[in-house]
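See below for the structure under consideration.
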Amino acid sequence: MLAASLFFASFVYFLGYYAYKKHNNVALSSAIILYSLYLLMFYLIYSGGVENTGPLWIFIVAPVSVFIHGLKRGLIDIAVFVSIISTLMFMPTDIIAHANYSTEFKLRLLYSFLTVTFLSALYEYSRNKSYQHTLELSKKYQQLAHFDPLTQLSNRRDALGILKQEQARMIRSKEPLSIIICDVDYFKKINDQYGHNAGDAVLIELAKIFTSNIREQDCVARWGGEEFLFILPQTLARNANVFAVKIQEKLQNHLVDYQGKEIKVSVSMGIEQFNGNQNIDEIINSADKYLYQAKNSGRNQIFPKF
């Protein structure tokens with residue numbers, strides 16, 4: 001009977017593995033394995049196993065429970081498990097016939113099991129804390145890898161990735177795609193006159209203005225230094241020009257307040273539209289040339305003219 005029970009338990013564990021491997025159903029697989037383990041432990045306590053050593057196997061329950069169901073749910077499962085095995089062991093044999101254990105054995109078994117449960121819970125708590133810490137670090141590094149820490153905009157690396165995606169979509173959908181490279185006019189003079197912290201405040205303020213004026217499908221990134229890059233899907237160059245004019249109008253009467261000082265800011269912009277034959281570097285270089293034309297024409301300009 002004991003051998004048959006163990007073989008049946010092994011078959012049930014295989015079903016749990018199959019549920020995970022074949023259907024990727026983690027919840028079903030873990031439920032099959034854990035609760036069939038509980039049933040096996042109940043049987044070993046009830047029957048006594050070989051020479052009443054069956055109960056000694058219950059020590060595997062605690063670590064498996066908290067590992068599969070986590071700390072809170074695992075401890076609830078263990079509490080139910082302890083209640084059932086206590087009932088089985090302490091129930092008089094004249095009510096239900098079962099293996100007979102001495103009171104000292106039963107008490108020491110429960111004390112030992114509760115000690116193992118405490119250690120398993122402590123380990124699971126530490127493991128979960130370590131996992132959460134690692135997850136937070138991963139998110140932080142992911143943030144640093146793709147976003148500019150000052151303006152919270154996409155950085156150059158992230159912008160290039162978005163450009164590649166939008167270029168691929170443009171080729172498939174045949175919809176237009178334009179970019180704008182934007183440079184803050186006389187930014188060095190701002191840093192020299194008011195300090196680098198003032199320059200940072202200007203970049204942060206511009207990032208907020210840019211973000212509040214783009215569409216949901218658009219992207220604005222800090223391209224480097226005082227340069228910003230706008231990625232405008234489904235947008236012709238002449239419509240990108242309309243958007244650029246709108247940005248300049250927003251800045252026309254806007255003053256950046258820094259420690260009681262009001263800083264006037266303007267930007268120059270270069271616009272270019274993708275076509276099927278150009279790669280990303282060519283488009284960016286072309287927009288850069290228009291940007292330099294805008295700056296050489298007195299700044300606070302948009303090139304090309306439409």
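Residue names in the structure tokens use chain letters A, B, ... in the order shown, residue numbers from 1 in each chain, and ligand numbers from 1 in the order shown.
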Report as a list in words all protein, DNA and RNA residues lying within 10 Å of A:Phe147, evaluated on only C-alpha atoms, omitting residues in the same chain fewer than 5 positions from it. Tyr141, Gln142, Gln152, Leu153, Ser154, Asn155, Arg156, Arg157, Asp158, Ala159, Ala221 and Arg222 of chain A
Determine which residues of stretch 226-264 of chain A DSSP labels as strand (DSSP E or B) from the backbone of this structure, then write them out as a ChimeraX atom specification. /A:227-233,255-258,261-264
Keeping only N, CA, C and O atoms, write the selected residues to a file as a PDB file, in the first residue's frame.
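again_29.pdb, written as the output of this step:
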ATOM      1  N   GLU A 227      20.787  70.150 -27.212  1.00  0.00           N
ATOM      2  CA  GLU A 227      20.032  69.757 -28.404  1.00  0.00           C
ATOM      3  C   GLU A 227      18.913  68.772 -28.053  1.00  0.00           C
ATOM      4  O   GLU A 227      19.094  67.886 -27.203  1.00  0.00           O
ATOM      5  N   PHE A 228      17.789  68.942 -28.736  1.00  0.00           N
ATOM      6  CA  PHE A 228      16.646  68.043 -28.586  1.00  0.00           C
ATOM      7  C   PHE A 228      16.274  67.500 -29.964  1.00  0.00           C
ATOM      8  O   PHE A 228      16.492  68.155 -30.987  1.00  0.00           O
ATOM      9  N   LEU A 229      15.711  66.296 -29.946  1.00  0.00           N
ATOM     10  CA  LEU A 229      15.261  65.665 -31.194  1.00  0.00           C
ATOM     11  C   LEU A 229      13.780  65.342 -31.081  1.00  0.00           C
ATOM     12  O   LEU A 229      13.361  64.674 -30.136  1.00  0.00           O
ATOM     13  N   PHE A 230      13.000  65.819 -32.062  1.00  0.00           N
ATOM     14  CA  PHE A 230      11.579  65.476 -32.150  1.00  0.00           C
ATOM     15  C   PHE A 230      11.410  64.410 -33.231  1.00  0.00           C
ATOM     16  O   PHE A 230      11.916  64.570 -34.344  1.00  0.00           O
ATOM     17  N   ILE A 231      10.701  63.348 -32.894  1.00  0.00           N
ATOM     18  CA  ILE A 231      10.354  62.306 -33.861  1.00  0.00           C
ATOM     19  C   ILE A 231       8.855  62.389 -34.085  1.00  0.00           C
ATOM     20  O   ILE A 231       8.073  62.192 -33.152  1.00  0.00           O
ATOM     21  N   LEU A 232       8.459  62.671 -35.315  1.00  0.00           N
ATOM     22  CA  LEU A 232       7.054  62.957 -35.621  1.00  0.00           C
ATOM     23  C   LEU A 232       6.531  61.980 -36.668  1.00  0.00           C
ATOM     24  O   LEU A 232       6.638  62.226 -37.876  1.00  0.00           O
ATOM     25  N   PRO A 233       5.958  60.853 -36.243  1.00  0.00           N
ATOM     26  CA  PRO A 233       5.378  59.895 -37.197  1.00  0.00           C
ATOM     27  C   PRO A 233       4.148  60.498 -37.888  1.00  0.00           C
ATOM     28  O   PRO A 233       3.486  61.396 -37.341  1.00  0.00           O
ATOM     29  N   LEU A 255       9.312  83.100 -20.066  1.00  0.00           N
ATOM     30  CA  LEU A 255      10.550  83.375 -19.340  1.00  0.00           C
ATOM     31  C   LEU A 255      10.777  82.275 -18.310  1.00  0.00           C
ATOM     32  O   LEU A 255       9.859  81.897 -17.588  1.00  0.00           O
ATOM     33  N   VAL A 256      11.982  81.761 -18.277  1.00  0.00           N
ATOM     34  CA  VAL A 256      12.327  80.733 -17.300  1.00  0.00           C
ATOM     35  C   VAL A 256      12.739  81.419 -16.001  1.00  0.00           C
ATOM     36  O   VAL A 256      13.686  82.221 -15.984  1.00  0.00           O
ATOM     37  N   ASP A 257      12.014  81.120 -14.935  1.00  0.00           N
ATOM     38  CA  ASP A 257      12.299  81.726 -13.637  1.00  0.00           C
ATOM     39  C   ASP A 257      13.348  80.896 -12.906  1.00  0.00           C
ATOM     40  O   ASP A 257      13.148  79.714 -12.626  1.00  0.00           O
ATOM     41  N   TYR A 258      14.488  81.525 -12.605  1.00  0.00           N
ATOM     42  CA  TYR A 258      15.549  80.831 -11.875  1.00  0.00           C
ATOM     43  C   TYR A 258      16.053  81.741 -10.756  1.00  0.00           C
ATOM     44  O   TYR A 258      16.676  82.774 -11.012  1.00  0.00           O
ATOM     45  N   LYS A 261      15.406  85.290 -11.074  1.00  0.00           N
ATOM     46  CA  LYS A 261      15.850  85.871 -12.342  1.00  0.00           C
ATOM     47  C   LYS A 261      15.051  85.268 -13.484  1.00  0.00           C
ATOM     48  O   LYS A 261      14.806  84.061 -13.513  1.00  0.00           O
ATOM     49  N   GLU A 262      14.659  86.094 -14.435  1.00  0.00           N
ATOM     50  CA  GLU A 262      13.876  85.638 -15.574  1.00  0.00           C
ATOM     51  C   GLU A 262      14.783  85.538 -16.803  1.00  0.00           C
ATOM     52  O   GLU A 262      15.417  86.519 -17.205  1.00  0.00           O
ATOM     53  N   ILE A 263      14.840  84.315 -17.350  1.00  0.00           N
ATOM     54  CA  ILE A 263      15.753  84.040 -18.463  1.00  0.00           C
ATOM     55  C   ILE A 263      14.947  83.866 -19.744  1.00  0.00           C
ATOM     56  O   ILE A 263      14.047  83.018 -19.815  1.00  0.00           O
ATOM     57  N   LYS A 264      15.261  84.652 -20.745  1.00  0.00           N
ATOM     58  CA  LYS A 264      14.611  84.551 -22.043  1.00  0.00           C
ATOM     59  C   LYS A 264      15.299  83.452 -22.847  1.00  0.00           C
ATOM     60  O   LYS A 264      16.527  83.411 -22.936  1.00  0.00           O
TER      61      LYS A 264
END
With a distance cut-off of 9 Å and only C-alpha atoms, select the neighbouring residues of A:Ser268, excluding the residue or stretch itself and same-chain residues fewer than 5 positions from it, and output the selection as a PyMOL selection string. chain A and resi 181-185+248+291-292+294-295+299-303
What would the file look like if the residues just selected were written as a compact mmCIF listing (two decimals), in the first residue's frame with all heavy atoms?
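Written out: result_3.txt:
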# COMPACT_ATOMS: atom_id res chain seq x y z
N ILE A 181 15.52 68.66 -35.33
CA ILE A 181 16.61 68.83 -34.37
C ILE A 181 16.56 70.27 -33.89
O ILE A 181 16.57 71.21 -34.69
CB ILE A 181 17.97 68.50 -35.00
CG1 ILE A 181 18.04 67.01 -35.34
CG2 ILE A 181 19.10 68.86 -34.04
CD1 ILE A 181 19.37 66.55 -35.88
N CYS A 182 16.51 70.42 -32.59
CA CYS A 182 16.29 71.72 -31.95
C CYS A 182 17.49 72.05 -31.05
O CYS A 182 17.94 71.20 -30.28
CB CYS A 182 14.99 71.66 -31.16
SG CYS A 182 14.74 73.03 -30.03
N ASP A 183 17.99 73.26 -31.17
CA ASP A 183 19.15 73.67 -30.38
C ASP A 183 18.81 74.97 -29.64
O ASP A 183 18.23 75.90 -30.22
CB ASP A 183 20.36 73.88 -31.29
CG ASP A 183 21.62 74.17 -30.51
OD1 ASP A 183 22.28 73.21 -30.10
OD2 ASP A 183 21.93 75.36 -30.32
N VAL A 184 19.18 75.05 -28.35
CA VAL A 184 18.91 76.24 -27.55
C VAL A 184 19.89 77.34 -27.96
O VAL A 184 21.12 77.13 -27.94
CB VAL A 184 19.04 75.94 -26.05
CG1 VAL A 184 18.70 77.19 -25.23
CG2 VAL A 184 18.15 74.78 -25.65
N ASP A 185 19.38 78.50 -28.29
CA ASP A 185 20.22 79.62 -28.72
C ASP A 185 20.99 80.21 -27.54
O ASP A 185 20.43 80.39 -26.44
CB ASP A 185 19.36 80.71 -29.36
CG ASP A 185 18.68 80.23 -30.63
OD1 ASP A 185 19.27 79.37 -31.32
OD2 ASP A 185 17.57 80.72 -30.93
N GLN A 248 7.98 77.73 -31.20
CA GLN A 248 8.62 79.04 -31.09
C GLN A 248 7.66 80.10 -30.55
O GLN A 248 8.06 80.98 -29.78
CB GLN A 248 9.16 79.47 -32.46
CG GLN A 248 10.43 78.73 -32.86
CD GLN A 248 11.16 79.39 -34.00
OE1 GLN A 248 10.56 80.04 -34.84
NE2 GLN A 248 12.48 79.22 -34.03
N LEU A 291 19.73 72.89 -39.32
CA LEU A 291 19.86 73.54 -38.02
C LEU A 291 20.97 74.59 -38.05
O LEU A 291 20.80 75.71 -37.55
CB LEU A 291 20.14 72.50 -36.93
CG LEU A 291 20.47 73.03 -35.53
CD1 LEU A 291 19.30 73.82 -34.96
CD2 LEU A 291 20.86 71.89 -34.59
N TYR A 292 22.12 74.25 -38.64
CA TYR A 292 23.22 75.21 -38.72
C TYR A 292 22.86 76.40 -39.60
O TYR A 292 23.28 77.53 -39.33
CB TYR A 292 24.48 74.51 -39.24
CG TYR A 292 25.13 73.64 -38.19
CD1 TYR A 292 25.28 72.27 -38.39
CD2 TYR A 292 25.58 74.17 -36.98
CE1 TYR A 292 25.86 71.46 -37.43
CE2 TYR A 292 26.17 73.38 -36.01
CZ TYR A 292 26.30 72.02 -36.24
OH TYR A 292 26.88 71.22 -35.26
N ALA A 294 19.89 77.62 -39.78
CA ALA A 294 19.02 78.42 -38.92
C ALA A 294 19.84 79.25 -37.94
O ALA A 294 19.55 80.43 -37.70
CB ALA A 294 18.05 77.51 -38.17
N LYS A 295 20.89 78.66 -37.37
CA LYS A 295 21.71 79.38 -36.41
C LYS A 295 22.55 80.45 -37.11
O LYS A 295 22.75 81.55 -36.59
CB LYS A 295 22.61 78.40 -35.65
CG LYS A 295 21.84 77.41 -34.78
CD LYS A 295 22.73 76.47 -34.03
CE LYS A 295 23.32 77.11 -32.80
NZ LYS A 295 22.33 77.39 -31.77
N ARG A 299 19.75 82.85 -35.65
CA ARG A 299 19.13 82.07 -34.57
C ARG A 299 17.62 82.37 -34.46
O ARG A 299 17.11 83.25 -35.13
CB ARG A 299 19.84 82.28 -33.23
CG ARG A 299 21.25 81.66 -33.21
CD ARG A 299 21.94 81.91 -31.87
NE ARG A 299 23.13 81.09 -31.73
CZ ARG A 299 24.31 81.38 -32.28
NH1 ARG A 299 24.44 82.47 -33.00
NH2 ARG A 299 25.36 80.59 -32.09
N ASN A 300 16.97 81.57 -33.61
CA ASN A 300 15.51 81.65 -33.46
C ASN A 300 14.83 81.51 -34.82
O ASN A 300 13.83 82.17 -35.12
CB ASN A 300 15.10 82.96 -32.79
CG ASN A 300 13.68 82.91 -32.25
OD1 ASN A 300 13.13 81.83 -31.98
ND2 ASN A 300 13.05 84.06 -32.10
N GLN A 301 15.40 80.61 -35.65
CA GLN A 301 14.92 80.40 -37.01
C GLN A 301 14.56 78.93 -37.20
O GLN A 301 14.97 78.05 -36.44
CB GLN A 301 15.98 80.80 -38.04
CG GLN A 301 16.42 82.24 -37.96
CD GLN A 301 15.37 83.19 -38.45
OE1 GLN A 301 14.67 82.91 -39.43
NE2 GLN A 301 15.25 84.34 -37.79
N ILE A 302 13.79 78.67 -38.28
CA ILE A 302 13.43 77.30 -38.66
C ILE A 302 13.84 77.12 -40.11
O ILE A 302 13.49 77.92 -40.98
CB ILE A 302 11.92 77.06 -38.50
CG1 ILE A 302 11.47 77.30 -37.06
CG2 ILE A 302 11.56 75.64 -38.93
CD1 ILE A 302 9.97 77.33 -36.88
N PHE A 303 14.58 76.05 -40.40
CA PHE A 303 14.97 75.72 -41.77
C PHE A 303 14.63 74.26 -42.04
O PHE A 303 14.74 73.42 -41.13
CB PHE A 303 16.48 75.97 -41.96
CG PHE A 303 16.81 77.34 -42.47
CD1 PHE A 303 16.77 78.42 -41.62
CD2 PHE A 303 17.14 77.53 -43.81
CE1 PHE A 303 17.08 79.69 -42.08
CE2 PHE A 303 17.46 78.80 -44.28
CZ PHE A 303 17.43 79.88 -43.41
Which neighbours of stretch 60-68 of chain A fall inside 6 Å, counting only C-alpha atoms, when residues of the same chain fewer than 4 positions from it are skipped, and could you give them as a list in words?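 In the requested form, the answer reads Gly74, Thr117 and Ser120 of chain A.
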With a distance cut-off of 8 Å and only C-alpha atoms, select the neighbouring residues of stretch 163-166 of chain A, excluding the residue or stretch itself and same-chain residues fewer than 2 positions from it, and output the selection as a list in words.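 Listed by chain and then number, they are Ala159, Leu160, Gly161, Ala168, Arg169, Met170, Leu177, Ile231, Pro233 and Ile280 of chain A.
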Please, could you write that set of residues out with all heavy atoms as a tab-separated table (two decimals), in the first residue's frame?
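Contents of out-v6.tsv, as written:
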chain	number	residue	atom	x	y	z
A	159	ALA	N	16.32	57.26	-28.36
A	159	ALA	CA	15.77	57.95	-29.53
A	159	ALA	C	16.14	57.22	-30.82
A	159	ALA	O	15.32	57.09	-31.74
A	159	ALA	CB	16.26	59.39	-29.57
A	160	LEU	N	17.38	56.73	-30.90
A	160	LEU	CA	17.80	55.99	-32.09
A	160	LEU	C	16.98	54.70	-32.25
A	160	LEU	O	16.61	54.32	-33.36
A	160	LEU	CB	19.29	55.66	-32.00
A	160	LEU	CG	20.25	56.83	-32.27
A	160	LEU	CD1	21.69	56.43	-31.98
A	160	LEU	CD2	20.12	57.29	-33.72
A	161	GLY	N	16.70	54.04	-31.12
A	161	GLY	CA	15.86	52.84	-31.17
A	161	GLY	C	14.46	53.16	-31.67
A	161	GLY	O	13.89	52.42	-32.48
A	168	ALA	N	10.96	51.63	-39.82
A	168	ALA	CA	10.44	50.34	-40.31
A	168	ALA	C	8.94	50.42	-40.53
A	168	ALA	O	8.41	49.89	-41.52
A	168	ALA	CB	10.79	49.24	-39.31
A	169	ARG	N	8.23	51.09	-39.61
A	169	ARG	CA	6.78	51.24	-39.76
A	169	ARG	C	6.45	52.13	-40.95
A	169	ARG	O	5.48	51.89	-41.67
A	169	ARG	CB	6.17	51.80	-38.48
A	169	ARG	CG	4.66	51.87	-38.52
A	169	ARG	CD	4.05	52.00	-37.16
A	169	ARG	NE	4.46	53.21	-36.47
A	169	ARG	CZ	4.00	53.55	-35.26
A	169	ARG	NH1	3.17	52.75	-34.63
A	169	ARG	NH2	4.39	54.66	-34.69
A	170	MET	N	7.26	53.17	-41.16
A	170	MET	CA	7.05	54.06	-42.29
A	170	MET	C	7.17	53.31	-43.62
A	170	MET	O	6.38	53.50	-44.55
A	170	MET	CB	8.07	55.20	-42.25
A	170	MET	CG	8.00	56.16	-43.43
A	170	MET	SD	9.59	56.99	-43.72
A	170	MET	CE	10.57	55.62	-44.37
A	177	LEU	N	7.24	60.44	-42.25
A	177	LEU	CA	7.92	60.52	-40.96
A	177	LEU	C	8.91	61.67	-41.02
A	177	LEU	O	9.75	61.72	-41.92
A	177	LEU	CB	8.65	59.21	-40.65
A	177	LEU	CG	9.59	59.20	-39.44
A	177	LEU	CD1	8.81	59.42	-38.15
A	177	LEU	CD2	10.36	57.88	-39.38
A	231	ILE	N	10.70	63.35	-32.89
A	231	ILE	CA	10.35	62.31	-33.86
A	231	ILE	C	8.86	62.39	-34.09
A	231	ILE	O	8.07	62.19	-33.15
A	231	ILE	CB	10.76	60.91	-33.34
A	231	ILE	CG1	12.25	60.88	-33.01
A	231	ILE	CG2	10.41	59.83	-34.36
A	231	ILE	CD1	12.70	59.62	-32.30
A	233	PRO	N	5.96	60.85	-36.24
A	233	PRO	CA	5.38	59.90	-37.20
A	233	PRO	C	4.15	60.50	-37.89
A	233	PRO	O	3.49	61.40	-37.34
A	233	PRO	CB	4.98	58.70	-36.32
A	233	PRO	CG	5.71	58.91	-35.03
A	233	PRO	CD	5.86	60.38	-34.87
A	280	ILE	N	19.07	56.44	-41.37
A	280	ILE	CA	18.89	57.34	-40.23
A	280	ILE	C	20.01	58.38	-40.15
A	280	ILE	O	19.77	59.57	-39.91
A	280	ILE	CB	18.80	56.54	-38.92
A	280	ILE	CG1	17.46	55.77	-38.90
A	280	ILE	CG2	18.91	57.44	-37.69
A	280	ILE	CD1	17.29	54.86	-37.72
Need to verify the contact set: stretch 90-104 of chain A, 7 Å, only C-alpha atoms, exclusion of same-chain residues closer than 3 positions in sequence. Can you return it as a PyMOL selection string? chain A and resi 46-48+86-87+107-108
Could the residues in this selection be saved with N, CA and C atoms as a tab-separated table (two decimals), in the first residue's frame?
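And here is the file that came out, selection-v1.tsv:
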chain	number	residue	atom	x	y	z
A	46	TYR	N	-0.92	9.28	8.81
A	46	TYR	CA	-2.04	8.39	9.16
A	46	TYR	C	-1.58	6.93	9.24
A	47	SER	N	-0.76	6.52	8.25
A	47	SER	CA	-0.36	5.11	8.19
A	47	SER	C	0.89	4.83	9.02
A	48	GLY	N	1.70	5.85	9.23
A	48	GLY	CA	2.95	5.66	9.97
A	48	GLY	C	4.14	5.36	9.08
A	86	SER	N	-2.04	17.70	13.19
A	86	SER	CA	-2.22	17.63	14.66
A	86	SER	C	-3.49	16.85	14.99
A	87	THR	N	-4.54	17.13	14.19
A	87	THR	CA	-5.79	16.40	14.40
A	87	THR	C	-5.59	14.91	14.16
A	107	LEU	N	4.91	15.88	20.04
A	107	LEU	CA	5.22	17.25	20.41
A	107	LEU	C	6.54	17.70	19.79
A	108	ARG	N	7.56	16.83	19.87
A	108	ARG	CA	8.86	17.20	19.30
A	108	ARG	C	8.79	17.31	17.77
Need to verify the contact set: stretch 8-15 of chain A, 7 Å, only C-alpha atoms, exclusion of same-chain residues closer than 4 positions in sequence. Can you return it as a PyMOL selection string? chain A and resi 4+19+33+36+40
Serialized selection, C-alpha atoms, as an mmCIF file, in the first residue's frame:
data_model
loop_
_atom_site.group_PDB
_atom_site.id
_atom_site.type_symbol
_atom_site.label_atom_id
_atom_site.label_comp_id
_atom_site.auth_asym_id
_atom_site.auth_seq_id
_atom_site.Cartn_x
_atom_site.Cartn_y
_atom_site.Cartn_z
ATOM 1 C CA ALA A 4 1.531 2.094 -4.384
ATOM 2 C CA ALA A 19 1.013 20.956 -16.966
ATOM 3 C CA ILE A 33 2.555 19.441 -6.852
ATOM 4 C CA SER A 36 -0.576 16.258 -3.725
ATOM 5 C CA LEU A 40 1.019 12.217 0.701
#
Considering only C-alpha atoms, state which residue in the set A:Val267, A:Leu34, A:Ile209, A:Ala3 is at the smallest distance from A:Phe81.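 Going through A:Val267, A:Leu34, A:Ile209, A:Ala3 one by one, the smallest distance to A:Phe81 is for A:Leu34.
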Taking only C-alpha atoms into account, name the residue in A:Arg172, A:Lys289, A:His254, A:His146 that is nearest to A:Gly276.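 Among the listed residues, A:Arg172 lies closest to A:Gly276.
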